[in-house]
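Chemist: Provided herewith: coords.cif, mmCIF, C-alpha atoms.
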data_entry
#
loop_
_atom_site.label_atom_id
_atom_site.label_comp_id
_atom_site.auth_asym_id
_atom_site.auth_seq_id
_atom_site.Cartn_x
_atom_site.Cartn_y
_atom_site.Cartn_z
CA MET H 1 137.46 27.59 -95.82
CA LYS H 2 139.85 26.61 -98.61
CA THR H 3 141.38 23.13 -98.66
CA ILE H 4 144.95 22.65 -99.86
CA VAL H 5 146.23 19.13 -100.53
CA ILE H 6 149.99 18.51 -100.31
CA PRO H 7 151.03 15.15 -101.84
CA GLN H 8 154.46 13.61 -101.28
CA PHE H 9 155.81 11.43 -104.08
CA TYR H 10 159.22 10.67 -102.55
CA ARG H 11 159.61 7.66 -100.28
CA GLY H 12 163.34 7.76 -99.49
CA PRO H 13 164.95 8.12 -96.03
CA SER H 14 164.30 11.83 -95.45
CA GLY H 15 160.72 12.92 -94.99
CA GLN H 16 159.48 9.74 -93.34
CA LYS H 17 157.71 9.94 -90.02
CA GLY H 18 160.07 10.11 -87.06
CA LEU H 19 163.19 10.55 -89.14
CA TYR H 20 163.25 14.19 -90.13
CA ASN H 21 161.54 17.56 -90.12
CA ARG H 22 158.81 16.71 -92.65
CA GLN H 23 158.39 19.71 -94.92
CA GLU H 24 154.83 18.87 -95.97
CA VAL H 25 153.56 18.94 -92.38
CA GLY H 26 155.33 22.24 -91.72
CA LEU H 27 153.64 23.79 -94.74
CA ALA H 28 150.30 22.31 -93.64
CA ARG H 29 150.62 24.03 -90.26
CA ALA H 30 151.27 27.33 -92.02
CA PHE H 31 148.16 26.93 -94.18
CA ALA H 32 146.09 26.09 -91.10
CA ALA H 33 147.39 29.17 -89.30
CA LEU H 34 146.13 31.25 -92.24
CA GLY H 35 142.61 29.84 -91.94
CA CYS H 36 142.76 26.95 -94.42
CA ARG H 37 142.41 23.20 -94.19
CA ALA H 38 145.51 21.26 -95.17
CA VAL H 39 145.60 17.60 -96.16
CA VAL H 40 149.03 15.93 -96.46
CA LEU H 41 149.31 12.73 -98.50
CA TYR H 42 152.11 10.22 -97.94
CA PRO H 43 152.50 7.09 -100.10
CA GLU H 44 152.31 3.75 -98.28
CA PRO H 45 153.18 0.94 -100.72
CA GLY H 46 151.39 -2.29 -99.84
CA ALA H 47 148.58 -0.60 -97.91
CA LYS H 48 145.06 -1.67 -98.84
CA ALA H 49 143.25 1.33 -97.36
CA PRO H 50 144.13 4.88 -96.28
CA ARG H 51 145.40 5.44 -92.75
CA ILE H 52 144.42 8.80 -91.28
CA GLU H 53 145.94 11.04 -88.60
CA THR H 54 144.54 14.38 -87.41
CA PRO H 55 147.35 15.81 -85.28
CA GLU H 56 145.96 19.34 -85.07
CA PRO H 57 142.81 21.27 -85.99
CA ASN H 58 142.42 21.70 -89.77
CA ILE H 59 145.36 19.37 -90.50
CA LYS H 60 144.88 15.84 -91.80
CA ILE H 61 147.68 13.41 -92.67
CA CYS H 62 146.71 10.53 -94.94
CA TYR H 63 148.91 7.50 -95.64
CA MET H 64 147.62 6.31 -98.99
CA PRO H 65 147.87 3.04 -100.94
CA ALA H 66 150.59 3.44 -103.53
CA VAL H 67 152.92 1.56 -105.87
CA ALA H 68 156.67 1.92 -105.27
CA PHE H 69 159.12 2.67 -108.07
CA GLY H 70 162.54 3.02 -106.46
CA VAL H 71 162.35 6.05 -104.16
CA GLN H 72 159.34 7.34 -106.12
CA ALA H 73 155.71 6.34 -105.62
CA PHE H 74 152.51 6.35 -107.66
CA TYR H 75 149.21 6.80 -105.84
CA LYS H 76 146.58 4.23 -106.78
CA SER H 77 143.81 6.82 -106.82
CA TRP H 78 143.31 10.58 -106.54
CA GLN H 79 139.70 10.23 -105.38
CA ILE H 80 140.72 11.66 -102.02
CA LEU H 81 141.05 15.09 -103.68
CA LEU H 82 137.32 15.00 -104.38
CA ASP H 83 136.48 13.49 -101.00
CA GLU H 84 138.33 16.33 -99.27
CA HIS H 85 136.84 18.97 -101.61
CA ALA H 86 140.31 20.18 -102.58
CA ASP H 87 140.58 23.73 -103.90
CA ALA H 88 144.26 23.41 -104.79
CA VAL H 89 147.11 20.91 -104.90
CA HIS H 90 150.57 22.06 -103.79
CA VAL H 91 153.20 19.80 -105.40
CA MET H 92 156.58 19.84 -103.68
CA GLY H 93 158.10 16.74 -105.29
CA ASP H 94 161.08 17.66 -107.45
CA ASN H 95 160.41 16.28 -110.94
CA SER H 96 158.26 13.45 -109.58
CA LEU H 97 157.08 10.72 -111.92
CA GLY H 98 153.45 11.05 -110.84
CA VAL H 99 153.08 14.71 -111.81
CA PRO H 100 151.36 14.28 -115.22
CA GLY H 101 148.67 11.95 -113.86
CA LEU H 102 147.92 14.25 -110.94
CA TYR H 103 147.74 17.26 -113.26
CA ARG H 104 145.27 15.52 -115.57
CA PHE H 105 143.04 14.66 -112.61
CA CYS H 106 143.13 18.24 -111.31
CA GLN H 107 142.42 19.66 -114.74
CA LYS H 108 139.44 17.34 -115.21
CA HIS H 109 137.91 18.29 -111.85
CA GLY H 110 138.72 22.02 -111.77
CA ILE H 111 141.32 21.85 -108.99
CA LEU H 112 144.16 24.39 -109.05
CA PHE H 113 147.52 22.66 -109.59
CA TYR H 114 150.82 24.40 -108.86
CA SER H 115 154.39 23.34 -108.08
CA GLN H 116 157.25 24.36 -105.81
CA LEU H 117 160.45 22.92 -107.29
CA GLY H 118 163.93 22.58 -105.83
CA ALA H 119 165.52 20.50 -108.59
CA LEU H 120 164.78 19.46 -112.14
CA LYS H 121 167.56 17.18 -113.30
CA SER H 122 168.79 14.12 -111.44
CA THR H 123 172.05 14.37 -109.48
CA SER H 124 172.39 10.59 -109.14
CA ASN H 125 175.87 9.09 -109.30
CA HIS H 126 174.55 6.55 -111.81
CA ALA H 127 174.61 7.74 -115.41
CA ALA H 128 171.76 5.43 -116.44
CA VAL H 129 169.51 6.84 -113.71
CA ARG H 130 170.33 10.38 -114.80
CA ARG H 131 169.48 9.62 -118.42
CA VAL H 132 166.14 8.04 -117.54
CA MET H 133 165.16 10.85 -115.18
CA ASP H 134 166.13 13.51 -117.71
CA LEU H 135 163.93 11.81 -120.31
CA LEU H 136 161.04 11.71 -117.86
CA LEU H 137 161.57 15.40 -117.11
CA ARG H 138 160.24 16.20 -120.58
CA ARG H 139 156.82 14.86 -119.54
CA ASN H 140 156.73 17.13 -116.53
CA LEU H 141 157.90 20.21 -118.43
CA ALA H 142 154.71 20.07 -120.48
CA VAL H 143 152.77 20.37 -117.20
CA TYR H 144 154.99 23.07 -115.72
CA ARG H 145 154.56 25.23 -118.83
CA LYS H 146 150.78 25.25 -118.34
CA THR H 147 150.58 25.74 -114.57
CA PRO H 148 151.99 28.08 -111.90
CA THR H 149 155.50 26.83 -111.19
CA TYR H 150 157.56 28.31 -108.37
CA ALA H 151 161.27 27.83 -107.77
CA LYS H 152 162.80 27.25 -104.36
CA THR H 153 166.02 29.01 -105.40
CA PRO H 154 167.18 31.51 -108.05
CA ALA H 155 169.24 28.72 -109.66
CA VAL H 156 166.11 26.66 -110.30
CA ALA H 157 164.25 29.76 -111.51
CA ALA H 158 166.97 30.33 -114.12
CA GLU H 159 166.88 26.66 -115.13
CA LEU H 160 163.10 26.78 -115.57
CA GLU H 161 163.35 29.83 -117.81
CA SER H 162 166.09 28.15 -119.88
CA LEU H 163 163.74 25.20 -120.44
CA GLY H 164 160.91 27.43 -121.58
CA VAL H 165 158.93 27.30 -118.34
CA PRO H 166 157.69 30.70 -117.07
CA CYS H 167 158.68 30.86 -113.42
CA ALA H 168 155.87 32.26 -111.25
CA GLY H 169 158.41 33.48 -108.70
CA LEU H 170 160.59 32.37 -105.80
CA MET H 171 158.95 30.27 -103.10
CA PRO H 172 161.69 29.12 -100.69
CA VAL H 173 161.08 26.27 -98.29
CA GLY H 174 160.54 27.19 -94.67
CA LEU H 175 161.19 26.07 -91.15
CA ASP H 176 158.46 24.50 -89.05
CA THR H 177 159.03 26.29 -85.76
CA ALA H 178 156.13 24.44 -84.10
CA ILE H 179 158.28 21.34 -83.63
CA ILE H 180 161.41 23.16 -82.48
CA PRO H 181 161.83 22.89 -78.69
CA SER H 182 162.59 25.86 -76.50
CA ILE H 183 166.17 25.66 -75.22
CA PRO H 184 166.26 27.88 -72.10
CA ASN H 185 169.78 27.16 -70.85
CA ASN H 186 172.90 29.04 -71.92
CA ARG H 187 175.68 27.40 -73.94
CA THR H 188 177.84 26.66 -70.92
CA GLU H 189 175.04 24.77 -69.15
CA ILE H 190 174.13 22.91 -72.34
CA ARG H 191 177.72 21.81 -72.88
CA ARG H 192 177.99 20.58 -69.33
CA ALA H 193 174.84 18.53 -69.79
CA LEU H 194 176.16 17.09 -73.08
CA LYS H 195 179.66 16.56 -71.64
CA ILE H 196 181.30 18.84 -74.22
CA ASP H 197 184.39 20.87 -73.26
CA GLU H 198 183.11 24.33 -72.28
CA HIS H 199 186.15 26.06 -73.80
CA ALA H 200 186.50 24.08 -77.06
CA ARG H 201 185.56 25.45 -80.46
CA VAL H 202 182.96 23.05 -81.81
CA PHE H 203 181.30 22.72 -85.20
CA ILE H 204 178.36 20.46 -86.04
CA PHE H 205 177.52 18.45 -89.15
CA VAL H 206 173.98 17.06 -89.45
CA GLY H 207 172.95 15.00 -92.46
CA ARG H 208 173.01 11.71 -94.29
CA LEU H 209 176.43 10.05 -94.46
CA ASP H 210 175.91 9.39 -98.15
CA PRO H 211 178.08 10.47 -101.10
CA TYR H 212 175.92 13.45 -102.11
CA LYS H 213 176.49 15.09 -98.70
CA GLN H 214 180.29 14.56 -99.03
CA PRO H 215 180.81 13.61 -95.35
CA LEU H 216 184.29 12.22 -96.02
CA ASP H 217 185.48 15.82 -96.39
CA LEU H 218 185.09 16.08 -92.62
CA VAL H 219 188.44 14.29 -92.32
CA PRO H 220 190.56 16.85 -94.22
CA LEU H 221 188.48 19.63 -92.67
CA LEU H 222 189.44 18.53 -89.15
CA GLN H 223 193.05 18.25 -90.29
CA ALA H 224 192.97 21.79 -91.71
CA ALA H 225 191.22 23.18 -88.60
CA PRO H 226 193.30 21.72 -85.73
CA ASP H 227 191.67 23.90 -83.06
CA TRP H 228 188.17 22.60 -83.73
CA TYR H 229 186.15 19.66 -82.38
CA ALA H 230 183.32 18.11 -84.45
CA ILE H 231 179.85 16.80 -83.61
CA ILE H 232 178.76 14.54 -86.48
CA ILE H 233 175.10 13.47 -86.45
CA GLY H 234 173.93 11.14 -89.18
CA ARG H 235 174.17 7.73 -90.72
CA GLY H 236 174.35 6.30 -94.21
CA SER H 237 176.34 4.28 -96.69
CA LEU H 238 179.63 6.05 -95.87
CA GLY H 239 179.31 5.75 -92.09
CA ASP H 240 181.82 2.93 -91.70
CA GLU H 241 184.24 4.49 -94.21
CA LEU H 242 184.12 7.81 -92.34
CA THR H 243 184.90 6.08 -89.04
CA ARG H 244 187.79 4.20 -90.65
CA ARG H 245 189.31 7.36 -92.13
CA LEU H 246 188.95 9.29 -88.88
CA THR H 247 190.68 6.41 -87.10
CA ASP H 248 193.51 6.23 -89.64
CA ALA H 249 194.04 10.00 -89.34
CA ASP H 250 194.06 9.77 -85.54
CA LEU H 251 191.07 12.14 -85.35
CA LEU H 252 188.50 10.10 -83.43
CA ASP H 253 189.34 11.90 -80.20
CA ARG H 254 188.41 15.22 -81.86
CA CYS H 255 184.87 14.27 -82.84
CA ARG H 256 181.68 12.71 -81.53
CA LEU H 257 179.84 10.40 -83.92
CA ILE H 258 176.10 10.09 -83.29
CA PRO H 259 174.28 7.85 -85.81
CA GLN H 260 170.77 9.08 -84.99
CA LEU H 261 168.96 11.41 -82.60
CA PRO H 262 165.37 12.55 -82.26
CA ASN H 263 165.01 15.92 -83.98
CA GLU H 264 164.27 17.62 -80.66
CA GLN H 265 167.66 16.56 -79.28
CA VAL H 266 169.51 17.67 -82.41
CA HIS H 267 168.39 21.22 -81.61
CA VAL H 268 170.12 21.03 -78.23
CA TYR H 269 173.38 20.32 -80.05
CA TYR H 270 172.85 23.29 -82.39
CA HIS H 271 172.74 25.54 -79.33
CA ALA H 272 175.92 23.95 -77.98
CA CYS H 273 178.05 24.56 -81.07
CA ASP H 274 180.01 27.50 -82.45
CA ALA H 275 179.38 26.77 -86.13
CA PHE H 276 177.41 24.56 -88.52
CA VAL H 277 179.08 22.97 -91.55
CA ASN H 278 177.37 22.11 -94.86
CA LEU H 279 179.57 20.27 -97.36
CA ASN H 280 177.11 19.41 -100.15
CA PRO H 281 177.96 21.42 -103.32
CA ASN H 282 174.51 20.62 -104.76
CA GLU H 283 172.42 21.39 -101.69
CA ILE H 284 168.91 22.17 -102.92
CA PHE H 285 168.00 23.94 -99.73
CA GLY H 286 169.07 22.32 -96.47
CA MET H 287 166.58 22.00 -93.61
CA SER H 288 169.37 21.32 -91.10
CA LEU H 289 171.03 24.53 -92.29
CA LEU H 290 167.85 26.49 -91.50
CA GLU H 291 167.51 24.74 -88.13
CA ALA H 292 171.07 25.59 -87.13
CA MET H 293 170.67 29.22 -88.16
CA TYR H 294 167.38 29.46 -86.26
CA ALA H 295 169.28 28.30 -83.16
CA GLY H 296 171.85 31.07 -83.68
CA CYS H 297 174.58 28.70 -84.88
CA PRO H 298 176.47 30.50 -87.70
CA PRO H 299 176.81 28.42 -90.88
CA VAL H 300 179.89 27.72 -92.95
CA ALA H 301 178.75 26.19 -96.24
CA ARG H 302 179.92 25.29 -99.67
CA HIS H 303 178.42 27.33 -102.48
CA ALA H 304 175.21 25.61 -103.62
CA PRO H 305 171.73 26.79 -104.70
CA GLY H 306 170.26 26.60 -101.19
CA PRO H 307 173.08 28.12 -99.12
CA ASP H 308 173.69 30.81 -101.75
CA LEU H 309 170.08 31.97 -101.28
CA ILE H 310 169.85 31.57 -97.52
CA ILE H 311 173.20 32.89 -96.33
CA GLU H 312 174.23 36.53 -96.64
CA ASN H 313 177.95 35.93 -97.08
CA GLY H 314 179.94 37.54 -94.30
CA ILE H 315 176.82 38.62 -92.41
CA SER H 316 174.65 35.62 -91.52
CA GLY H 317 177.27 33.01 -92.38
CA LEU H 318 180.14 32.26 -94.72
CA LEU H 319 180.14 30.68 -98.19
CA CYS H 320 183.17 28.78 -99.45
CA GLY H 321 184.33 26.31 -102.08
CA THR H 322 187.27 24.21 -100.94
CA VAL H 323 188.11 22.43 -97.68
CA PRO H 324 190.91 24.92 -96.84
CA GLU H 325 188.46 27.79 -97.37
CA LEU H 326 185.95 26.08 -95.06
CA ALA H 327 188.63 25.65 -92.39
CA ALA H 328 189.63 29.31 -92.61
CA ALA H 329 185.97 30.37 -92.49
CA LEU H 330 185.39 28.47 -89.25
CA ASP H 331 187.85 30.79 -87.50
CA LYS H 332 185.91 33.83 -88.78
CA THR H 333 182.55 32.87 -87.28
CA THR H 334 181.27 35.09 -84.48
CA ALA H 335 178.35 35.33 -82.07
CA ALA H 336 177.11 38.37 -84.01
CA MET H 337 177.00 36.24 -87.15
CA GLY H 338 174.87 33.72 -85.25
CA HIS H 339 172.39 36.44 -84.25
CA ALA H 340 172.21 37.60 -87.88
CA ALA H 341 171.61 34.02 -89.02
CA GLN H 342 168.72 33.70 -86.59
CA SER H 343 167.14 36.93 -87.84
CA ARG H 344 167.63 35.86 -91.46
CA VAL H 345 165.54 32.71 -90.94
CA ASN H 346 162.84 34.42 -88.88
CA GLU H 347 162.33 37.12 -91.49
CA ASN H 348 162.60 35.10 -94.69
CA PHE H 349 162.45 31.33 -94.28
CA LEU H 350 159.41 30.28 -92.29
CA TRP H 351 156.66 28.21 -93.90
CA GLN H 352 154.19 31.03 -93.39
CA ASN H 353 155.90 32.98 -96.18
CA SER H 354 155.38 30.13 -98.65
CA ALA H 355 151.78 29.61 -97.57
CA GLU H 356 150.91 33.29 -97.95
CA LEU H 357 152.37 33.36 -101.45
CA ALA H 358 150.56 30.17 -102.44
CA LEU H 359 147.20 31.47 -101.25
CA THR H 360 147.42 34.45 -103.60
CA LEU H 361 146.92 31.95 -106.45
CA LEU H 362 143.42 31.22 -105.18
CA ASP H 363 142.43 34.88 -105.33
CA VAL H 364 143.55 35.94 -108.82
CA LEU H 365 142.60 35.09 -112.39
CA ASP H 366 146.10 34.59 -113.83
CA TYR H 367 146.23 30.80 -113.57
CA MET H 368 142.65 29.73 -114.13
CA GLU H 369 142.09 27.28 -116.99
CA GLU H 370 138.92 29.23 -117.86
CA VAL H 371 137.76 32.60 -116.55
CA PRO H 372 134.01 32.79 -115.79
CA ILE H 373 131.92 35.84 -116.67
CA VAL H 374 128.39 36.27 -115.35
CA THR H 375 126.41 37.64 -118.33
CA ALA H 376 122.87 37.51 -116.90
CA TYR H 377 120.66 36.12 -114.15
CA LYS H 378 117.93 33.52 -114.58
CA LEU H 379 114.88 34.25 -112.43
CA THR H 380 112.38 31.84 -110.91
CA ASP H 381 109.77 32.62 -113.59
CA GLY H 382 112.16 31.36 -116.27
CA SER H 383 113.08 34.78 -117.61
CA THR H 384 116.57 36.23 -117.68
CA THR H 385 117.78 39.72 -116.92
CA THR H 386 121.04 41.56 -117.40
CA ARG H 387 120.27 43.79 -114.41
CA PHE H 388 121.54 42.78 -111.00
CA PRO H 389 118.58 41.30 -109.05
CA MET H 390 117.59 43.15 -105.91
CA GLY H 391 115.87 42.15 -102.66
CA LYS H 392 114.21 38.74 -102.43
CA THR H 393 114.64 38.17 -106.18
CA LEU H 394 118.38 37.82 -105.63
CA ASP H 395 117.94 34.89 -103.22
CA ASP H 396 116.63 32.55 -105.92
CA ALA H 397 118.33 34.01 -108.98
CA GLN H 398 120.82 31.77 -110.82
CA PRO H 399 123.83 33.29 -112.61
CA VAL H 400 124.22 32.65 -116.33
CA VAL H 401 127.93 32.01 -116.85
CA GLU H 402 130.06 32.31 -119.96
CA THR H 403 133.72 31.24 -119.89
CA VAL H 404 136.75 32.43 -121.82
CA PRO H 405 140.22 30.81 -121.94
CA GLY H 406 142.66 31.75 -119.18
CA TRP H 407 146.15 33.10 -119.84
CA HIS H 408 148.26 30.95 -117.47
CA CYS H 409 150.92 33.49 -116.53
CA ASP H 410 151.69 36.38 -114.19
CA ILE H 411 150.70 39.77 -115.65
CA THR H 412 151.52 41.97 -112.65
CA GLY H 413 154.49 43.51 -114.46
CA VAL H 414 152.58 44.43 -117.64
CA ARG H 415 151.91 48.16 -118.20
CA ARG H 416 150.73 48.23 -121.86
CA PHE H 417 147.56 46.59 -123.15
CA GLU H 418 149.30 45.19 -126.22
CA ASP H 419 151.81 43.39 -123.96
CA LEU H 420 149.07 41.38 -122.26
CA PRO H 421 148.70 37.74 -123.36
CA GLN H 422 146.20 37.47 -126.20
CA ALA H 423 143.76 35.57 -123.97
CA ALA H 424 143.81 38.42 -121.43
CA GLN H 425 143.22 40.97 -124.19
CA ASP H 426 140.30 38.87 -125.45
CA TYR H 427 138.86 38.77 -121.91
CA VAL H 428 138.88 42.57 -121.68
CA THR H 429 137.42 42.87 -125.16
CA ARG H 430 134.58 40.52 -124.26
CA LEU H 431 133.82 42.53 -121.11
CA GLU H 432 133.66 45.68 -123.23
CA GLU H 433 131.16 43.98 -125.56
CA LEU H 434 128.98 42.92 -122.64
CA VAL H 435 128.92 46.27 -120.80
CA GLY H 436 128.79 48.39 -123.96
CA CYS H 437 131.67 50.76 -123.20
CA LYS H 438 135.44 50.87 -123.42
CA ILE H 439 137.53 49.80 -120.40
CA LYS H 440 140.26 52.41 -119.89
CA TYR H 441 141.83 51.29 -116.60
CA ILE H 442 142.96 47.68 -116.07
CA SER H 443 144.36 46.70 -112.67
CA VAL H 444 147.02 43.98 -112.85
CA GLY H 445 148.14 43.84 -109.21
CA PRO H 446 147.84 45.25 -105.69
CA GLU H 447 150.46 48.00 -106.01
CA ARG H 448 149.42 51.58 -106.75
CA ASP H 449 151.23 51.61 -110.11
CA ALA H 450 150.09 48.11 -111.13
CA CYS H 451 147.67 49.47 -113.67
CA ILE H 452 147.30 49.73 -117.45
CA VAL H 453 145.89 53.05 -118.73
CA ARG H 454 144.55 52.81 -122.27
CA ALA H 455 144.28 55.85 -124.53
#
Could the structure of this file be written out as structure tokens, please?

Modeler:
Amino acid sequence: MKTIVIPQFYRGPSGQKGLYNRQEVGLARAFAALGCRAVVLYPEPGAKAPRIETPEPNIKICYMPAVAFGVQAFYKSWQILLDEHADAVHVMGDNSLGVPGLYRFCQKHGILFYSQLGALKSTSNHAAVRRVMDLLLRRNLAVYRKTPTYAKTPAVAAELESLGVPCAGLMPVGLDTAIIPSIPNNRTEIRRALKIDEHARVFIFVGRLDPYKQPLDLVPLLQAAPDWYAIIIGRGSLGDELTRRLTDADLLDRCRLIPQLPNEQVHVYYHACDAFVNLNPNEIFGMSLLEAMYAGCPPVARHAPGPDLIIENGISGLLCGTVPELAAALDKTTAAMGHAAQSRVNENFLWQNSAELALTLLDVLDYMEEVPIVTAYKLTDGSTTTRFPMGKTLDDAQPVVETVPGWHCDITGVRRFEDLPQAAQDYVTRLEELVGCKIKYISVGPERDACIVRA
């Protein structure tokens, strides 16, 4: 059974226990469903010893001693990777400061290291923070260039390529359906229970009331969409300012402000609403967007890397730019669009998809630091043989292993031998020397045509 370790480096508001749909745990459940063990690491600054939870079979959550640095954290030790016999480390932290140290540890101990990135450069409102983070990015790029690096969105994939980092492919984030409650009642019954007008057109906003989410745009949006009522769930630094502006615009009677709800109750509201609104123009992905779509609530979102990937414009939601466009789009949402949104998530954005893609890394040679070749077998009498041992002799035989450098990139699209990385060509050449004949057919992937035929 393979063991995948998923460390979290971020220690800001989202992702903490009880506050949000924690992505690491959702991915861990997907790995466990595929027959693996998953160990999630969360930093706990000030802790003197690890604190362990085992919520489900083959899932362990470890709160580890760490040092805080703003919203980032550095783990005091990576010994737990050895204690848990980790086969691979799945890094989800976007440009985290602790990446180089973790990579060096994995490299030293033969643990596969790979990343799933949603952002590279800082989007902080503070110029000094952006400059520092962009300088630190250079350290991480050196790691990303040597290891499998996946992008959560096409925008990040393009950015990786522009920075000289070969992108291993798209690996979107997913929804953890295990924690989503079943909502059996119809919309009318749900609205009655929530005391929402059964005949009103209602949109929902779920997210931090912080500048990056642009919640203050809810005020002009309500003004531009006079037939709509708003459910606003969230809290943050702009909470008081939003309330003040809604009051000044005489809009408080057209919205319900809910600072915080357990995630299970938020899903009830998704089922009660006619549309979901996402205002963040830099949305990396948007877990609340996926949750709303899963509930059949059609999204209206600003263009951003996440929504642009998730939403099929005009089919499973609507993509816009300005507040007037968002207001007009609200009136175009339909029940059919909600059904399409639900199908879109079920087919493309569950954690199982990411886990299945990640596990392929453990079964191929492309990203191994060194590729082992068994050149002979050492027998119990001290002799060696190049013939495969048979019968009881095999039980005690020890393989004699030679290693060659790995090639650290995806070769599934290569169809000519000369286009293979030099290290891959050298690997084939060495095999030819060992077996004493030329290798004509080289498989580079699972598809029927994924093959190199040499003259």

Chemist: Determine, counting all atoms listed in the file, which protein, DNA and RNA residues have an atom within 10 Å of an atom of Gly314 of chain H; residues of the same chain fewer than 6 positions away are not included. Present the result as a ChimeraX atom specification.

Modeler: /H:300,329,332-333,337

Chemist: Taking all atoms listed in the file into account, produce a table as CSV in which each residue of segment 302-413 of chain H with an atom at most 9 Å from an atom of segment 260-277 of chain H appears once, together with its shortest atom pair and the distance in Å to one decimal, ordered by chain and rising number.

Modeler:
residue,atom,partner,partner_atom,distance
H:Arg302,CA,H:Val277,CA,8.5
H:Leu326,CA,H:Val277,CA,8.3
H:Leu330,CA,H:Ala275,CA,7.0
H:Thr333,CA,H:Ala275,CA,7.0
H:Thr334,CA,H:Asp274,CA,8.0
H:Ala335,CA,H:Asp274,CA,8.0
H:Gly338,CA,H:Ala275,CA,8.3

Chemist: List as a PDB file with C-alpha atoms, in the frame of the given file the protein and nucleic acid residues near Leu350 of chain H, meaning an atom at most 8 Å away when all atoms listed in the file are counted, but skip any in the same chain fewer than 2 places from it.

Modeler:
ATOM      1  CA  VAL H 173     161.080  26.270 -98.290  1.00  0.00           C
ATOM      2  CA  GLY H 174     160.540  27.190 -94.670  1.00  0.00           C
ATOM      3  CA  LEU H 175     161.190  26.070 -91.150  1.00  0.00           C
ATOM      4  CA  ASP H 176     158.460  24.500 -89.050  1.00  0.00           C
ATOM      5  CA  THR H 177     159.030  26.290 -85.760  1.00  0.00           C
ATOM      6  CA  VAL H 345     165.540  32.710 -90.940  1.00  0.00           C
ATOM      7  CA  ASN H 346     162.840  34.420 -88.880  1.00  0.00           C
ATOM      8  CA  GLU H 347     162.330  37.120 -91.490  1.00  0.00           C
ATOM      9  CA  ASN H 348     162.600  35.100 -94.690  1.00  0.00           C
ATOM     10  CA  GLN H 352     154.190  31.030 -93.390  1.00  0.00           C
ATOM     11  CA  ASN H 353     155.900  32.980 -96.180  1.00  0.00           C
ATOM     12  CA  SER H 354     155.380  30.130 -98.650  1.00  0.00           C
TER      13      SER H 354
END

Chemist: If you measure from atom CA of His339 of chain H to atom CA of Ile179 of chain H, what distance in Å do you get, rounded to one decimal?

Modeler: 20.7 Å

Chemist: Go through the shown structure with the PyMOL selection byres ((chain H and resi 377) around 10) and write out the matching residues as a list in words.

Modeler: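 Checked against the file, the PyMOL selection byres ((chain H and resi 377) around 10) matches Val374, Thr375, Ala376, Lys378, Leu379, Thr380, Gly382, Ser383, Thr384, Thr385, Thr386, Arg387, Phe388, Pro389, Leu394, Asp396, Ala397, Gln398, Pro399, Val400 and Val401 of chain H.
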
Chemist: In Å to one decimal, how far is atom CA of Asp240 of chain H from atom CA of Gln23 of chain H?

Modeler: 29.0 Å

Chemist: Around (182.8, 14.4, -95.3) in the file's own coordinates, what residues are found within 12 Å if you use all atoms listed in the file, given back as a ChimeraX atom specification?

Modeler: /H:204-222,230,232-236,238-239,241-243,245-246,277-281,323
